[in-house]
Amino acid sequence: MAFNLEVLVVGQENKSDLINDTKIQVITESEEDILHESDRELLKEEFIYNIKGVWHTLGIDNDGLLGTQGLLETNFDKPINQNHYEWLKNQDCLENITPIEVHEDYLDDMRTLLSILIELSPVKMILLLARYQGGDTEIIQGPIPFDLYMEMLQEQKIPFNVYSLIKG
């Protein structure tokens, strides 16, 4: 299954050169690059697409294509702890969130790259979404302090298909 890994650097106004010496690659995109006019019209009421910032797509080189194969994985038989999301009343939402597993070869690079992206934000915040197909409900958790987020990520307590607001 294909996964996407997107990060919004909150408050970043312009694309900037990113000094990145990790194995994880970054494509920086403006909102106009990501959303076509028709998409923006459909999403104008969603909270996430009203936050100002610059979007970054993260991945690794998979035979010349940027992707997350080898970087991210999930176990579809291991649901996320539903007690953390008891406020979600729509059971379909819970069926589409499983824990993110970052391959151990990339965990340190993920920590380094996310801390670089946080520093690009004037308010020292990023919004991260690891997504696979399924579920169209906008679910947001956070703000989560960066060190706690990385601890939770390593312990597979961060779910796919849920936006995580991470603060530096």
# chains A, B, ... in the order shown; residues from 1 in each chain; ligands from 1
call {"tool": "closest_atom_pairs", "arguments": {"of": "segment 37-101 of chain A", "to": "segment 154-168 of chain A", "cutoff": "8 Å", "atoms": "only C-alpha atoms", "output": "Markdown table"}}
result
| residue | atom | partner | partner_atom | distance |
| --- | --- | --- | --- | --- |
| A:Ile80 | CA | A:Pro159 | CA | 6.6 |
| A:Asn81 | CA | A:Lys157 | CA | 7.9 |
| A:Asn96 | CA | A:Asn161 | CA | 6.9 |
| A:Ile97 | CA | A:Phe160 | CA | 5.2 |
| A:Thr98 | CA | A:Pro159 | CA | 5.2 |
| A:Pro99 | CA | A:Pro159 | CA | 4.3 |
| A:Ile100 | CA | A:Pro159 | CA | 5.4 |
| A:Glu101 | CA | A:Gln156 | CA | 5.9 |
call {"tool": "write_last_selection", "arguments": {"atoms": "N, CA and C atoms", "output": "PDB file, in the first residue's frame"}}
result
ATOM      1  N   ILE A  80      -4.792   1.216  16.705  1.00  0.00           N
ATOM      2  CA  ILE A  80      -4.304   2.181  17.683  1.00  0.00           C
ATOM      3  C   ILE A  80      -5.176   2.061  18.939  1.00  0.00           C
ATOM      4  N   ASN A  81      -4.668   2.417  20.078  1.00  0.00           N
ATOM      5  CA  ASN A  81      -5.432   2.361  21.318  1.00  0.00           C
ATOM      6  C   ASN A  81      -6.639   3.293  21.216  1.00  0.00           C
ATOM      7  N   ASN A  96      -9.787   3.479  10.354  1.00  0.00           N
ATOM      8  CA  ASN A  96      -8.797   3.972   9.396  1.00  0.00           C
ATOM      9  C   ASN A  96      -7.559   4.555  10.053  1.00  0.00           C
ATOM     10  N   ILE A  97      -7.360   4.271  11.339  1.00  0.00           N
ATOM     11  CA  ILE A  97      -6.138   4.735  11.983  1.00  0.00           C
ATOM     12  C   ILE A  97      -5.411   3.553  12.615  1.00  0.00           C
ATOM     13  N   THR A  98      -4.197   3.355  12.134  1.00  0.00           N
ATOM     14  CA  THR A  98      -3.327   2.307  12.637  1.00  0.00           C
ATOM     15  C   THR A  98      -1.990   2.956  12.973  1.00  0.00           C
ATOM     16  N   PRO A  99      -1.158   2.320  13.788  1.00  0.00           N
ATOM     17  CA  PRO A  99       0.084   2.961  14.217  1.00  0.00           C
ATOM     18  C   PRO A  99       1.105   3.105  13.089  1.00  0.00           C
ATOM     19  N   ILE A 100       1.778   4.247  13.089  1.00  0.00           N
ATOM     20  CA  ILE A 100       2.882   4.477  12.159  1.00  0.00           C
ATOM     21  C   ILE A 100       4.109   3.735  12.691  1.00  0.00           C
ATOM     22  N   GLU A 101       4.746   3.011  11.806  1.00  0.00           N
ATOM     23  CA  GLU A 101       6.011   2.365  12.136  1.00  0.00           C
ATOM     24  C   GLU A 101       7.077   2.963  11.228  1.00  0.00           C
TER      25      GLU A 101
END
call {"tool": "select_by_dssp", "arguments": {"residues": "chain A", "states": "strand (DSSP E or B)", "output": "ChimeraX atom specification"}}
result
/A:4-10,25-29,53-62,65-67,69,72-73,99,101-102,125-131,140-145,159,163-167
call {"tool": "atom_distance", "arguments": {"atom1": "atom CA of Lys124 of chain A", "atom2": "atom CA of Gln12 of chain A"}}
result
9.7 Å
call {"tool": "atom_distance", "arguments": {"atom1": "atom CA of Leu107 of chain A", "atom2": "atom CA of Gly59 of chain A"}}
result
12.6 Å
call {"tool": "residues_around", "arguments": {"residues": "Gln82 of chain A", "least_positions_apart": "2", "cutoff": "10 Å", "atoms": "only C-alpha atoms", "output": "list in words"}}
result
Pro79, Ile80, His84, Tyr85, Glu86, Trp87, Leu88, Gln91, Leu94, Glu95 and Ile97 of chain A
call {"tool": "write_last_selection", "arguments": {"atoms": "C-alpha atoms", "output": "PDB file, in the first residue's frame"}}
result
ATOM      1  CA  PRO A  79      -5.288  -0.957  15.827  1.00  0.00           C
ATOM      2  CA  ILE A  80      -4.304   2.181  17.683  1.00  0.00           C
ATOM      3  CA  HIS A  84      -6.928   7.755  23.153  1.00  0.00           C
ATOM      4  CA  TYR A  85      -9.721   8.618  20.709  1.00  0.00           C
ATOM      5  CA  GLU A  86     -12.825   7.951  22.799  1.00  0.00           C
ATOM      6  CA  TRP A  87     -14.111  11.397  21.811  1.00  0.00           C
ATOM      7  CA  LEU A  88     -14.454  10.134  18.212  1.00  0.00           C
ATOM      8  CA  GLN A  91     -16.540   4.166  14.438  1.00  0.00           C
ATOM      9  CA  LEU A  94     -11.257   4.494  14.151  1.00  0.00           C
ATOM     10  CA  GLU A  95     -11.074   1.771  11.519  1.00  0.00           C
ATOM     11  CA  ILE A  97      -6.138   4.735  11.983  1.00  0.00           C
TER      12      ILE A  97
END
call {"tool": "residues_around", "arguments": {"residues": "Cys93 of chain A", "least_positions_apart": "6", "cutoff": "9 Å", "atoms": "only C-alpha atoms", "output": "JSON, numbers by chain"}}
result
{"A": [134, 135, 136, 137, 139]}
call {"tool": "residues_around", "arguments": {"residues": "Ile24 of chain A", "least_positions_apart": "5", "cutoff": "8 Å", "atoms": "only C-alpha atoms", "output": "PyMOL selection string"}}
result
chain A and resi 58-60+106+109-110+113
call {"tool": "atom_distance", "arguments": {"atom1": "atom CA of Asp17 of chain A", "atom2": "atom CA of Leu120 of chain A"}}
result
10.2 Å
call {"tool": "select_by_dssp", "arguments": {"residues": "chain A", "states": "helix (DSSP H, G or I)", "output": "CSV table (one decimal) with N, CA and C atoms, in the first residue's frame"}}
result
chain,number,residue,atom,x,y,z
A,31,GLU,N,1.1,25.9,-1.5
A,31,GLU,CA,-0.3,25.5,-1.5
A,31,GLU,C,-0.8,25.4,-2.9
A,32,GLU,N,-0.4,26.3,-3.8
A,32,GLU,CA,-0.8,26.3,-5.2
A,32,GLU,C,-0.3,25.0,-5.9
A,33,ASP,N,0.9,24.6,-5.5
A,33,ASP,CA,1.5,23.4,-6.1
A,33,ASP,C,0.7,22.1,-5.7
A,34,ILE,N,0.2,22.1,-4.5
A,34,ILE,CA,-0.5,20.9,-4.0
A,34,ILE,C,-2.0,20.9,-4.4
A,37,GLU,N,-7.3,24.6,-8.2
A,37,GLU,CA,-8.4,25.5,-7.8
A,37,GLU,C,-9.7,24.8,-7.3
A,38,SER,N,-10.1,23.7,-8.0
A,38,SER,CA,-11.3,23.0,-7.6
A,38,SER,C,-11.1,22.3,-6.2
A,39,ASP,N,-9.9,21.8,-6.0
A,39,ASP,CA,-9.6,21.2,-4.7
A,39,ASP,C,-9.7,22.2,-3.6
A,40,ARG,N,-9.1,23.4,-3.8
A,40,ARG,CA,-9.1,24.5,-2.8
A,40,ARG,C,-10.6,24.8,-2.4
A,41,GLU,N,-11.4,24.9,-3.4
A,41,GLU,CA,-12.8,25.2,-3.2
A,41,GLU,C,-13.5,24.1,-2.3
A,42,LEU,N,-13.2,22.9,-2.6
A,42,LEU,CA,-13.8,21.8,-1.8
A,42,LEU,C,-13.3,21.8,-0.4
A,43,LEU,N,-12.0,22.2,-0.2
A,43,LEU,CA,-11.4,22.1,1.1
A,43,LEU,C,-11.4,23.4,1.9
A,48,ILE,N,-7.3,22.5,8.4
A,48,ILE,CA,-5.9,22.4,8.0
A,48,ILE,C,-5.6,23.3,6.8
A,49,TYR,N,-6.5,23.4,5.9
A,49,TYR,CA,-6.2,24.1,4.7
A,49,TYR,C,-6.4,25.6,4.8
A,50,ASN,N,-6.7,26.0,6.0
A,50,ASN,CA,-6.8,27.5,6.4
A,50,ASN,C,-5.6,27.9,7.2
A,82,GLN,N,-7.8,2.7,21.1
A,82,GLN,CA,-9.0,3.5,20.9
A,82,GLN,C,-9.4,4.4,22.1
A,83,ASN,N,-8.8,4.1,23.3
A,83,ASN,CA,-9.1,4.9,24.5
A,83,ASN,C,-8.5,6.3,24.2
A,84,HIS,N,-7.5,6.4,23.4
A,84,HIS,CA,-6.9,7.8,23.2
A,84,HIS,C,-7.9,8.6,22.3
A,85,TYR,N,-8.8,7.9,21.6
A,85,TYR,CA,-9.7,8.6,20.7
A,85,TYR,C,-11.2,8.4,21.1
A,91,GLN,N,-17.4,5.4,14.4
A,91,GLN,CA,-16.5,4.2,14.4
A,91,GLN,C,-15.7,4.0,13.1
A,92,ASP,N,-16.2,4.5,12.0
A,92,ASP,CA,-15.5,4.4,10.8
A,92,ASP,C,-14.2,5.1,10.8
A,93,CYS,N,-14.1,6.2,11.6
A,93,CYS,CA,-12.9,6.9,11.7
A,93,CYS,C,-11.8,6.0,12.4
A,94,LEU,N,-12.2,5.3,13.4
A,94,LEU,CA,-11.3,4.5,14.2
A,94,LEU,C,-10.7,3.3,13.3
A,95,GLU,N,-11.5,2.9,12.4
A,95,GLU,CA,-11.1,1.8,11.5
A,95,GLU,C,-10.0,2.2,10.6
A,104,GLU,N,13.6,1.5,11.6
A,104,GLU,CA,14.7,1.9,12.5
A,104,GLU,C,15.8,2.6,11.8
A,105,ASP,N,16.1,2.3,10.6
A,105,ASP,CA,17.2,2.9,9.8
A,105,ASP,C,17.0,4.4,9.6
A,106,TYR,N,15.7,4.8,9.7
A,106,TYR,CA,15.4,6.2,9.4
A,106,TYR,C,14.9,7.0,10.6
A,107,LEU,N,14.8,6.4,11.8
A,107,LEU,CA,14.3,7.1,13.0
A,107,LEU,C,15.1,8.3,13.3
A,108,ASP,N,16.4,8.2,13.4
A,108,ASP,CA,17.3,9.3,13.7
A,108,ASP,C,17.2,10.4,12.6
A,109,ASP,N,17.1,10.0,11.4
A,109,ASP,CA,17.0,11.0,10.3
A,109,ASP,C,15.6,11.7,10.4
A,110,MET,N,14.6,11.0,10.8
A,110,MET,CA,13.3,11.6,11.0
A,110,MET,C,13.3,12.6,12.1
A,111,ARG,N,14.0,12.3,13.2
A,111,ARG,CA,14.1,13.2,14.3
A,111,ARG,C,14.9,14.5,13.8
A,112,THR,N,16.0,14.3,13.1
A,112,THR,CA,16.8,15.5,12.6
A,112,THR,C,16.0,16.3,11.7
A,113,LEU,N,15.3,15.7,10.7
A,113,LEU,CA,14.6,16.4,9.7
A,113,LEU,C,13.4,17.2,10.3
A,114,LEU,N,12.6,16.6,11.1
A,114,LEU,CA,11.5,17.2,11.7
A,114,LEU,C,12.0,18.4,12.6
A,115,SER,N,13.1,18.3,13.3
A,115,SER,CA,13.6,19.4,14.1
A,115,SER,C,14.0,20.6,13.2
A,116,ILE,N,14.6,20.2,12.0
A,116,ILE,CA,14.9,21.3,11.0
A,116,ILE,C,13.7,22.0,10.5
A,117,LEU,N,12.6,21.2,10.2
A,117,LEU,CA,11.4,21.8,9.8
A,117,LEU,C,10.7,22.7,10.9
A,118,ILE,N,10.8,22.3,12.1
A,118,ILE,CA,10.3,23.1,13.2
A,118,ILE,C,11.0,24.4,13.3
A,119,GLU,N,12.3,24.4,13.1
A,119,GLU,CA,13.1,25.6,13.1
A,119,GLU,C,12.7,26.6,12.0
A,120,LEU,N,12.2,26.1,10.9
A,120,LEU,CA,11.8,26.9,9.8
A,120,LEU,C,10.5,27.7,10.1
A,146,PHE,N,7.8,18.2,20.9
A,146,PHE,CA,8.6,17.4,19.9
A,146,PHE,C,9.2,16.1,20.5
A,147,ASP,N,9.8,16.2,21.7
A,147,ASP,CA,10.5,15.0,22.3
A,147,ASP,C,9.4,14.0,22.6
A,148,LEU,N,8.3,14.4,23.1
A,148,LEU,CA,7.2,13.4,23.4
A,148,LEU,C,6.7,12.8,22.1
A,149,TYR,N,6.5,13.6,21.0
A,149,TYR,CA,6.1,13.1,19.7
A,149,TYR,C,7.1,12.0,19.3
A,150,MET,N,8.4,12.2,19.3
A,150,MET,CA,9.3,11.3,18.9
A,150,MET,C,9.3,10.0,19.7
A,151,GLU,N,9.1,10.2,21.0
A,151,GLU,CA,9.0,9.0,21.9
A,151,GLU,C,7.7,8.2,21.5
A,152,MET,N,6.6,8.9,21.3
A,152,MET,CA,5.4,8.2,20.9
A,152,MET,C,5.5,7.5,19.5
A,153,LEU,N,6.2,8.2,18.6
A,153,LEU,CA,6.5,7.6,17.3
A,153,LEU,C,7.3,6.3,17.4
A,154,GLN,N,8.3,6.4,18.2
A,154,GLN,CA,9.1,5.2,18.4
A,154,GLN,C,8.3,4.0,19.0
call {"tool": "residues_around", "arguments": {"residues": "Leu8 of chain A", "least_positions_apart": "3", "cutoff": "9 Å", "atoms": "only C-alpha atoms", "output": "VMD selection string"}}
result
chain A and resid 11 to 12 51 to 57 117 125 to 129
call {"tool": "write_last_selection", "arguments": {"atoms": "C-alpha atoms", "output": "mmCIF file, in the first residue's frame"}}
result
data_model
loop_
_atom_site.group_PDB
_atom_site.id
_atom_site.type_symbol
_atom_site.label_atom_id
_atom_site.label_comp_id
_atom_site.auth_asym_id
_atom_site.auth_seq_id
_atom_site.Cartn_x
_atom_site.Cartn_y
_atom_site.Cartn_z
ATOM 1 C CA GLY A 11 3.691 30.204 9.472
ATOM 2 C CA GLN A 12 6.469 29.676 6.925
ATOM 3 C CA ILE A 51 -3.465 27.335 8.239
ATOM 4 C CA LYS A 52 -0.797 29.426 6.552
ATOM 5 C CA GLY A 53 2.512 27.775 5.855
ATOM 6 C CA VAL A 54 4.533 25.779 3.369
ATOM 7 C CA TRP A 55 3.933 22.104 2.651
ATOM 8 C CA HIS A 56 6.797 19.620 2.441
ATOM 9 C CA THR A 57 6.546 16.050 1.129
ATOM 10 C CA LEU A 117 11.387 21.847 9.768
ATOM 11 C CA MET A 125 5.268 24.314 15.012
ATOM 12 C CA ILE A 126 4.673 21.777 12.274
ATOM 13 C CA LEU A 127 1.645 19.774 11.284
ATOM 14 C CA LEU A 128 2.465 16.234 10.161
ATOM 15 C CA LEU A 129 0.205 13.799 8.349
#
call {"tool": "residues_around", "arguments": {"residues": "Phe3 of chain A", "least_positions_apart": "2", "cutoff": "10 Å", "atoms": "only C-alpha atoms", "output": "PyMOL selection string"}}
result
chain A and resi 1+5-6+59+67-69+71-74+130-133+160-161
